[in-house]
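Asker: Below is the structure I would like to discuss, written out as structure tokens.
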Amino acid sequence: MQRGLNIARVHTAARAVGLAQGALEDTTAYLQEREQFGHPIGDFQALRFTLADMAADVVQGRAMWWQVAHLLDEGVPCESEAAMVKLATTEMAVRVTNQAMQLHGGNGYTTERRVERYWRDARLTTIFEGTSEIQRRIISDRLLPRR
Ligand SMILES: Cc1cc2nc3c(=O)[nH]c(=O)nc-3n(C[C@H](O)[C@H](O)[C@H](O)COP(=O)(O)OP(=O)(O)OC[C@H]3O[C@@H](n4cnc5c(N)ncnc54)[C@H](O)[C@@H]3O)c2cc1C
């Protein structure tokens, strides 16, 4: 039973990393496509720095996901790690897809662009397969057993 829950949490982490990667790729393309004030918006440093933060977040989340998926494959008990990767990557996906929507401006809020869907689906990943609050409870109970 516990192994099944661990698998589901690592599976949800994979979805979250994929959503964030999609948002990063679409945003990279949009920064080159959209022009304002006579420039592609990707020339504006504030947006370039946000893109860099997004990329670093996605790479970090993927590395953590690989690590915990490896523990699962090896049959190592990893309840706490599975809760951590679920928490960290799904919250990362919310952050990154939110930044993606911001960098798409008004277009990002419409259903014409995929970032709206990435953001909406990222929000779900922090709710199902155990909410973020429940993951925090699992992790903190392992770190600090209740008396
Ligand atoms: C699109 C979608 C698909 C879903 N698919 C499935 C599925 O395939 N299989 C399935 O079994 N379920 C599925 N669910 C249900 C999902 O797992 C639950 O919505 C989720 O577990 C949260 O439960 P709840 O909605 O009853 O919220 P509640 O339990 O009412 O939670 C409300 C808030 O209280 C917090 N909270 C609750 N209890 C505690 C606690 N003890 N400590 C701290 N905070 C707490 C929660 O974190 C949340 O912030 C799906 C939900 C959605 C929206």
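To be explicit about the labels: the chains of the structure tokens are called A, B, and onward in the order shown, and within each one the residues are counted from 1, while ligands get numbers from 1 in the order they are shown.
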Let me see if you get this right: every residue at most 9 Å from ligand 1, counting only C-alpha atoms and all ligand atoms, written as a PDB file with all heavy atoms, in the first residue's frame.

Answerer:
```pdb
ATOM      1  N   ASP A 121      -3.471  23.005 -14.837  1.00  0.00           N
ATOM      2  CA  ASP A 121      -3.122  21.623 -14.490  1.00  0.00           C
ATOM      3  C   ASP A 121      -2.076  21.583 -13.365  1.00  0.00           C
ATOM      4  O   ASP A 121      -2.091  20.671 -12.529  1.00  0.00           O
ATOM      5  CB  ASP A 121      -2.612  20.868 -15.720  1.00  0.00           C
ATOM      6  CG  ASP A 121      -3.742  20.497 -16.668  1.00  0.00           C
ATOM      7  OD1 ASP A 121      -4.926  20.667 -16.300  1.00  0.00           O
ATOM      8  OD2 ASP A 121      -3.454  20.031 -17.790  1.00  0.00           O
ATOM      9  N   LEU A 124      -3.684  21.691 -10.038  1.00  0.00           N
ATOM     10  CA  LEU A 124      -4.248  20.409  -9.592  1.00  0.00           C
ATOM     11  C   LEU A 124      -3.178  19.540  -8.934  1.00  0.00           C
ATOM     12  O   LEU A 124      -3.465  18.844  -7.962  1.00  0.00           O
ATOM     13  CB  LEU A 124      -4.882  19.667 -10.776  1.00  0.00           C
ATOM     14  CG  LEU A 124      -5.404  18.266 -10.451  1.00  0.00           C
ATOM     15  CD1 LEU A 124      -6.509  18.321  -9.396  1.00  0.00           C
ATOM     16  CD2 LEU A 124      -5.888  17.564 -11.703  1.00  0.00           C
ATOM     17  N   THR A 125      -1.942  19.599  -9.436  1.00  0.00           N
ATOM     18  CA  THR A 125      -0.921  18.681  -8.901  1.00  0.00           C
ATOM     19  C   THR A 125      -0.618  18.939  -7.425  1.00  0.00           C
ATOM     20  O   THR A 125      -0.133  18.046  -6.739  1.00  0.00           O
ATOM     21  CB  THR A 125       0.399  18.724  -9.717  1.00  0.00           C
ATOM     22  OG1 THR A 125       1.009  20.017  -9.591  1.00  0.00           O
ATOM     23  CG2 THR A 125       0.169  18.373 -11.178  1.00  0.00           C
ATOM     24  N   THR A 126      -0.897  20.149  -6.943  1.00  0.00           N
ATOM     25  CA  THR A 126      -0.678  20.402  -5.501  1.00  0.00           C
ATOM     26  C   THR A 126      -1.866  19.945  -4.663  1.00  0.00           C
ATOM     27  O   THR A 126      -1.820  20.016  -3.428  1.00  0.00           O
ATOM     28  CB  THR A 126      -0.417  21.901  -5.203  1.00  0.00           C
ATOM     29  OG1 THR A 126      -1.588  22.661  -5.499  1.00  0.00           O
ATOM     30  CG2 THR A 126       0.759  22.448  -5.981  1.00  0.00           C
ATOM     31  N   ILE A 127      -2.938  19.500  -5.334  1.00  0.00           N
ATOM     32  CA  ILE A 127      -4.164  19.104  -4.610  1.00  0.00           C
ATOM     33  C   ILE A 127      -4.364  17.593  -4.614  1.00  0.00           C
ATOM     34  O   ILE A 127      -4.621  17.008  -3.554  1.00  0.00           O
ATOM     35  CB  ILE A 127      -5.394  19.829  -5.220  1.00  0.00           C
ATOM     36  CG1 ILE A 127      -5.296  21.340  -4.975  1.00  0.00           C
ATOM     37  CG2 ILE A 127      -6.695  19.263  -4.644  1.00  0.00           C
ATOM     38  CD1 ILE A 127      -6.317  22.174  -5.719  1.00  0.00           C
ATOM     39  N   PHE A 128      -4.221  16.960  -5.775  1.00  0.00           N
ATOM     40  CA  PHE A 128      -4.524  15.514  -5.751  1.00  0.00           C
ATOM     41  C   PHE A 128      -3.279  14.685  -5.425  1.00  0.00           C
ATOM     42  O   PHE A 128      -2.183  15.215  -5.315  1.00  0.00           O
ATOM     43  CB  PHE A 128      -5.279  15.061  -7.013  1.00  0.00           C
ATOM     44  CG  PHE A 128      -4.502  14.931  -8.286  1.00  0.00           C
ATOM     45  CD1 PHE A 128      -5.112  14.355  -9.405  1.00  0.00           C
ATOM     46  CD2 PHE A 128      -3.206  15.339  -8.404  1.00  0.00           C
ATOM     47  CE1 PHE A 128      -4.418  14.203 -10.585  1.00  0.00           C
ATOM     48  CE2 PHE A 128      -2.509  15.192  -9.586  1.00  0.00           C
ATOM     49  CZ  PHE A 128      -3.128  14.627 -10.670  1.00  0.00           C
ATOM     50  N   GLU A 129      -3.498  13.418  -5.199  1.00  0.00           N
ATOM     51  CA  GLU A 129      -2.450  12.504  -4.690  1.00  0.00           C
ATOM     52  C   GLU A 129      -1.880  13.002  -3.365  1.00  0.00           C
ATOM     53  O   GLU A 129      -0.714  12.784  -3.061  1.00  0.00           O
ATOM     54  CB  GLU A 129      -1.316  12.306  -5.712  1.00  0.00           C
ATOM     55  CG  GLU A 129      -1.716  11.647  -7.014  1.00  0.00           C
ATOM     56  CD  GLU A 129      -2.283  10.240  -6.840  1.00  0.00           C
ATOM     57  OE1 GLU A 129      -2.170   9.689  -5.721  1.00  0.00           O
ATOM     58  OE2 GLU A 129      -2.848   9.717  -7.797  1.00  0.00           O
ATOM     59  N   GLY A 130      -2.718  13.645  -2.582  1.00  0.00           N
ATOM     60  CA  GLY A 130      -2.282  14.192  -1.287  1.00  0.00           C
ATOM     61  C   GLY A 130      -1.904  15.650  -1.475  1.00  0.00           C
ATOM     62  O   GLY A 130      -0.984  15.956  -2.238  1.00  0.00           O
ATOM     63  N   THR A 131      -2.628  16.540  -0.799  1.00  0.00           N
ATOM     64  CA  THR A 131      -2.358  17.976  -0.952  1.00  0.00           C
ATOM     65  C   THR A 131      -0.951  18.313  -0.428  1.00  0.00           C
ATOM     66  O   THR A 131      -0.329  17.518   0.293  1.00  0.00           O
ATOM     67  CB  THR A 131      -3.391  18.799  -0.145  1.00  0.00           C
ATOM     68  OG1 THR A 131      -3.252  18.448   1.238  1.00  0.00           O
ATOM     69  CG2 THR A 131      -4.812  18.531  -0.619  1.00  0.00           C
ATOM     70  N   SER A 132      -0.504  19.504  -0.746  1.00  0.00           N
ATOM     71  CA  SER A 132       0.803  19.953  -0.239  1.00  0.00           C
ATOM     72  C   SER A 132       0.830  19.936   1.286  1.00  0.00           C
ATOM     73  O   SER A 132       1.853  19.593   1.901  1.00  0.00           O
ATOM     74  CB  SER A 132       1.125  21.363  -0.752  1.00  0.00           C
ATOM     75  OG  SER A 132       1.370  21.341  -2.135  1.00  0.00           O
ATOM     76  N   GLU A 133      -0.304  20.283   1.897  1.00  0.00           N
ATOM     77  CA  GLU A 133      -0.352  20.293   3.366  1.00  0.00           C
ATOM     78  C   GLU A 133      -0.147  18.883   3.921  1.00  0.00           C
ATOM     79  O   GLU A 133       0.549  18.698   4.934  1.00  0.00           O
ATOM     80  CB  GLU A 133      -1.703  20.859   3.854  1.00  0.00           C
ATOM     81  CG  GLU A 133      -1.890  22.343   3.631  1.00  0.00           C
ATOM     82  CD  GLU A 133      -2.235  22.723   2.190  1.00  0.00           C
ATOM     83  OE1 GLU A 133      -2.541  21.816   1.367  1.00  0.00           O
ATOM     84  OE2 GLU A 133      -2.185  23.919   1.869  1.00  0.00           O
ATOM     85  N   ILE A 134      -0.740  17.897   3.256  1.00  0.00           N
ATOM     86  CA  ILE A 134      -0.586  16.509   3.724  1.00  0.00           C
ATOM     87  C   ILE A 134       0.868  16.040   3.531  1.00  0.00           C
ATOM     88  O   ILE A 134       1.424  15.348   4.386  1.00  0.00           O
ATOM     89  CB  ILE A 134      -1.591  15.589   2.986  1.00  0.00           C
ATOM     90  CG1 ILE A 134      -3.032  15.954   3.365  1.00  0.00           C
ATOM     91  CG2 ILE A 134      -1.290  14.114   3.274  1.00  0.00           C
ATOM     92  CD1 ILE A 134      -3.375  15.834   4.844  1.00  0.00           C
ATOM     93  N   GLN A 135       1.498  16.442   2.413  1.00  0.00           N
ATOM     94  CA  GLN A 135       2.916  16.072   2.216  1.00  0.00           C
ATOM     95  C   GLN A 135       3.778  16.692   3.326  1.00  0.00           C
ATOM     96  O   GLN A 135       4.681  16.049   3.863  1.00  0.00           O
ATOM     97  CB  GLN A 135       3.435  16.522   0.839  1.00  0.00           C
ATOM     98  CG  GLN A 135       2.606  16.073  -0.355  1.00  0.00           C
ATOM     99  CD  GLN A 135       2.315  14.592  -0.391  1.00  0.00           C
ATOM    100  OE1 GLN A 135       3.140  13.768   0.021  1.00  0.00           O
ATOM    101  NE2 GLN A 135       1.135  14.226  -0.864  1.00  0.00           N
ATOM    102  N   ARG A 136       3.473  17.946   3.657  1.00  0.00           N
ATOM    103  CA  ARG A 136       4.239  18.615   4.741  1.00  0.00           C
ATOM    104  C   ARG A 136       4.025  17.890   6.066  1.00  0.00           C
ATOM    105  O   ARG A 136       4.940  17.784   6.881  1.00  0.00           O
ATOM    106  CB  ARG A 136       3.820  20.093   4.867  1.00  0.00           C
ATOM    107  CG  ARG A 136       4.258  20.937   3.695  1.00  0.00           C
ATOM    108  CD  ARG A 136       4.004  22.418   3.935  1.00  0.00           C
ATOM    109  NE  ARG A 136       4.419  23.197   2.775  1.00  0.00           N
ATOM    110  CZ  ARG A 136       3.582  23.690   1.854  1.00  0.00           C
ATOM    111  NH1 ARG A 136       2.287  23.523   1.994  1.00  0.00           N
ATOM    112  NH2 ARG A 136       4.046  24.337   0.804  1.00  0.00           N
ATOM    113  N   ARG A 137       2.836  17.398   6.246  1.00  0.00           N
ATOM    114  CA  ARG A 137       2.553  16.671   7.487  1.00  0.00           C
ATOM    115  C   ARG A 137       3.364  15.378   7.533  1.00  0.00           C
ATOM    116  O   ARG A 137       3.958  15.042   8.574  1.00  0.00           O
ATOM    117  CB  ARG A 137       1.052  16.389   7.560  1.00  0.00           C
ATOM    118  CG  ARG A 137       0.726  15.705   8.840  1.00  0.00           C
ATOM    119  CD  ARG A 137      -0.720  15.591   9.125  1.00  0.00           C
ATOM    120  NE  ARG A 137      -0.819  14.701  10.270  1.00  0.00           N
ATOM    121  CZ  ARG A 137      -1.897  14.434  10.934  1.00  0.00           C
ATOM    122  NH1 ARG A 137      -3.017  15.014  10.580  1.00  0.00           N
ATOM    123  NH2 ARG A 137      -1.892  13.611  11.947  1.00  0.00           N
TER     124      ARG A 137
END
```

Asker: Using only C-alpha atoms, which residues sit within 12 Å of Tyr118 (chain A) once same-chain residues fewer than 2 positions away are excluded, as number ranges by chain?

Answerer: A: 15-27, 90, 93-101, 108-111, 113-116, 120-125

Asker: Could you give me, as a ChimeraX atom specification, each residue of chain A that DSSP assigns to helix (DSSP H, G or I) when run on this structure's backbone?

Answerer: /A:2-33,41-43,45-73,79-103,106-109,114-125,132-143

Asker: With distances taken over only C-alpha atoms, which residue among A:Gln32, A:His39, A:Lys86, A:Met92 lies nearest Ala55 (chain A)?

Answerer: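 Closest candidate: A:Met92.
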
Asker: Set the distance at 12 Å and use only C-alpha atoms: which residues neighbour Arg34 (chain A) once local chain neighbours fewer than 4 positions away are removed? I'd like the list as number ranges by chain.

Answerer: A: 26-30, 38-44, 103-108

Asker: Those selected residues, please, written with N, CA and C atoms and delivered as a PDB file, in the first residue's frame.

Answerer:
```pdb
ATOM      1  N   ASP A  26       7.398  26.915 -24.175  1.00  0.00           N
ATOM      2  CA  ASP A  26       6.471  27.842 -24.835  1.00  0.00           C
ATOM      3  C   ASP A  26       6.864  29.295 -24.564  1.00  0.00           C
ATOM      4  N   THR A  27       7.332  29.555 -23.333  1.00  0.00           N
ATOM      5  CA  THR A  27       7.710  30.926 -22.974  1.00  0.00           C
ATOM      6  C   THR A  27       8.972  31.354 -23.741  1.00  0.00           C
ATOM      7  N   THR A  28       9.912  30.433 -23.883  1.00  0.00           N
ATOM      8  CA  THR A  28      11.137  30.746 -24.633  1.00  0.00           C
ATOM      9  C   THR A  28      10.777  31.144 -26.071  1.00  0.00           C
ATOM     10  N   ALA A  29       9.858  30.402 -26.675  1.00  0.00           N
ATOM     11  CA  ALA A  29       9.440  30.717 -28.055  1.00  0.00           C
ATOM     12  C   ALA A  29       8.687  32.050 -28.102  1.00  0.00           C
ATOM     13  N   TYR A  30       7.816  32.278 -27.098  1.00  0.00           N
ATOM     14  CA  TYR A  30       6.989  33.491 -27.112  1.00  0.00           C
ATOM     15  C   TYR A  30       7.843  34.748 -26.932  1.00  0.00           C
ATOM     16  N   GLY A  38       9.161  47.973 -30.372  1.00  0.00           N
ATOM     17  CA  GLY A  38      10.142  47.763 -31.434  1.00  0.00           C
ATOM     18  C   GLY A  38      11.153  46.664 -31.166  1.00  0.00           C
ATOM     19  N   HIS A  39      10.909  45.876 -30.129  1.00  0.00           N
ATOM     20  CA  HIS A  39      11.851  44.785 -29.785  1.00  0.00           C
ATOM     21  C   HIS A  39      11.085  43.497 -29.497  1.00  0.00           C
ATOM     22  N   PRO A  40      11.703  42.338 -29.766  1.00  0.00           N
ATOM     23  CA  PRO A  40      11.136  41.114 -29.195  1.00  0.00           C
ATOM     24  C   PRO A  40      11.185  41.261 -27.674  1.00  0.00           C
ATOM     25  N   ILE A  41      10.129  40.846 -26.985  1.00  0.00           N
ATOM     26  CA  ILE A  41      10.111  41.058 -25.523  1.00  0.00           C
ATOM     27  C   ILE A  41      11.228  40.276 -24.822  1.00  0.00           C
ATOM     28  N   GLY A  42      11.811  39.309 -25.510  1.00  0.00           N
ATOM     29  CA  GLY A  42      12.948  38.570 -24.956  1.00  0.00           C
ATOM     30  C   GLY A  42      14.212  39.421 -24.840  1.00  0.00           C
ATOM     31  N   ASP A  43      14.188  40.658 -25.405  1.00  0.00           N
ATOM     32  CA  ASP A  43      15.325  41.568 -25.218  1.00  0.00           C
ATOM     33  C   ASP A  43      15.303  42.221 -23.839  1.00  0.00           C
ATOM     34  N   PHE A  44      14.138  42.198 -23.173  1.00  0.00           N
ATOM     35  CA  PHE A  44      14.015  42.907 -21.891  1.00  0.00           C
ATOM     36  C   PHE A  44      14.587  42.051 -20.759  1.00  0.00           C
ATOM     37  N   LEU A 103       4.698  36.159 -18.302  1.00  0.00           N
ATOM     38  CA  LEU A 103       5.533  36.550 -19.440  1.00  0.00           C
ATOM     39  C   LEU A 103       4.773  36.507 -20.769  1.00  0.00           C
ATOM     40  N   HIS A 104       3.655  35.800 -20.797  1.00  0.00           N
ATOM     41  CA  HIS A 104       2.803  35.807 -21.996  1.00  0.00           C
ATOM     42  C   HIS A 104       1.836  37.000 -21.986  1.00  0.00           C
ATOM     43  N   GLY A 105       1.814  37.766 -20.867  1.00  0.00           N
ATOM     44  CA  GLY A 105       0.879  38.891 -20.787  1.00  0.00           C
ATOM     45  C   GLY A 105      -0.557  38.410 -20.915  1.00  0.00           C
ATOM     46  N   GLY A 106      -1.408  39.265 -21.506  1.00  0.00           N
ATOM     47  CA  GLY A 106      -2.830  38.945 -21.638  1.00  0.00           C
ATOM     48  C   GLY A 106      -3.069  37.675 -22.431  1.00  0.00           C
ATOM     49  N   ASN A 107      -2.233  37.434 -23.440  1.00  0.00           N
ATOM     50  CA  ASN A 107      -2.398  36.223 -24.256  1.00  0.00           C
ATOM     51  C   ASN A 107      -2.308  34.958 -23.409  1.00  0.00           C
ATOM     52  N   GLY A 108      -1.510  35.016 -22.320  1.00  0.00           N
ATOM     53  CA  GLY A 108      -1.323  33.832 -21.493  1.00  0.00           C
ATOM     54  C   GLY A 108      -2.564  33.439 -20.721  1.00  0.00           C
TER      55      GLY A 108
END
```

Asker: Point out the residue among A:Ala14, A:Leu31, A:Ala83, A:Leu47 with the least atom-to-atom distance to Ala63 (chain A), counting only C-alpha atoms.

Answerer: A:Ala14

Asker: Using CA of Trp119 (chain A) and CA of Gln102 (chain A) as the two end points, give the distance in Å to one decimal.

Answerer: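 For CA of Trp119 (chain A) relative to CA of Gln102 (chain A), the distance reads 10.7 Å.
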
Asker: Distance CA of Gln2 (chain A)-CA of Pro77 (chain A), one decimal place?

Answerer: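 Going from CA of Gln2 (chain A) over to CA of Pro77 (chain A) covers 9.0 Å.
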
Asker: Enter the distance from CA of Val59 (chain A) to CA of Ala88 (chain A), in Å, rounded to one decimal.

Answerer: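 About the pair CA of Val59 (chain A) and CA of Ala88 (chain A): they are 12.3 Å apart.
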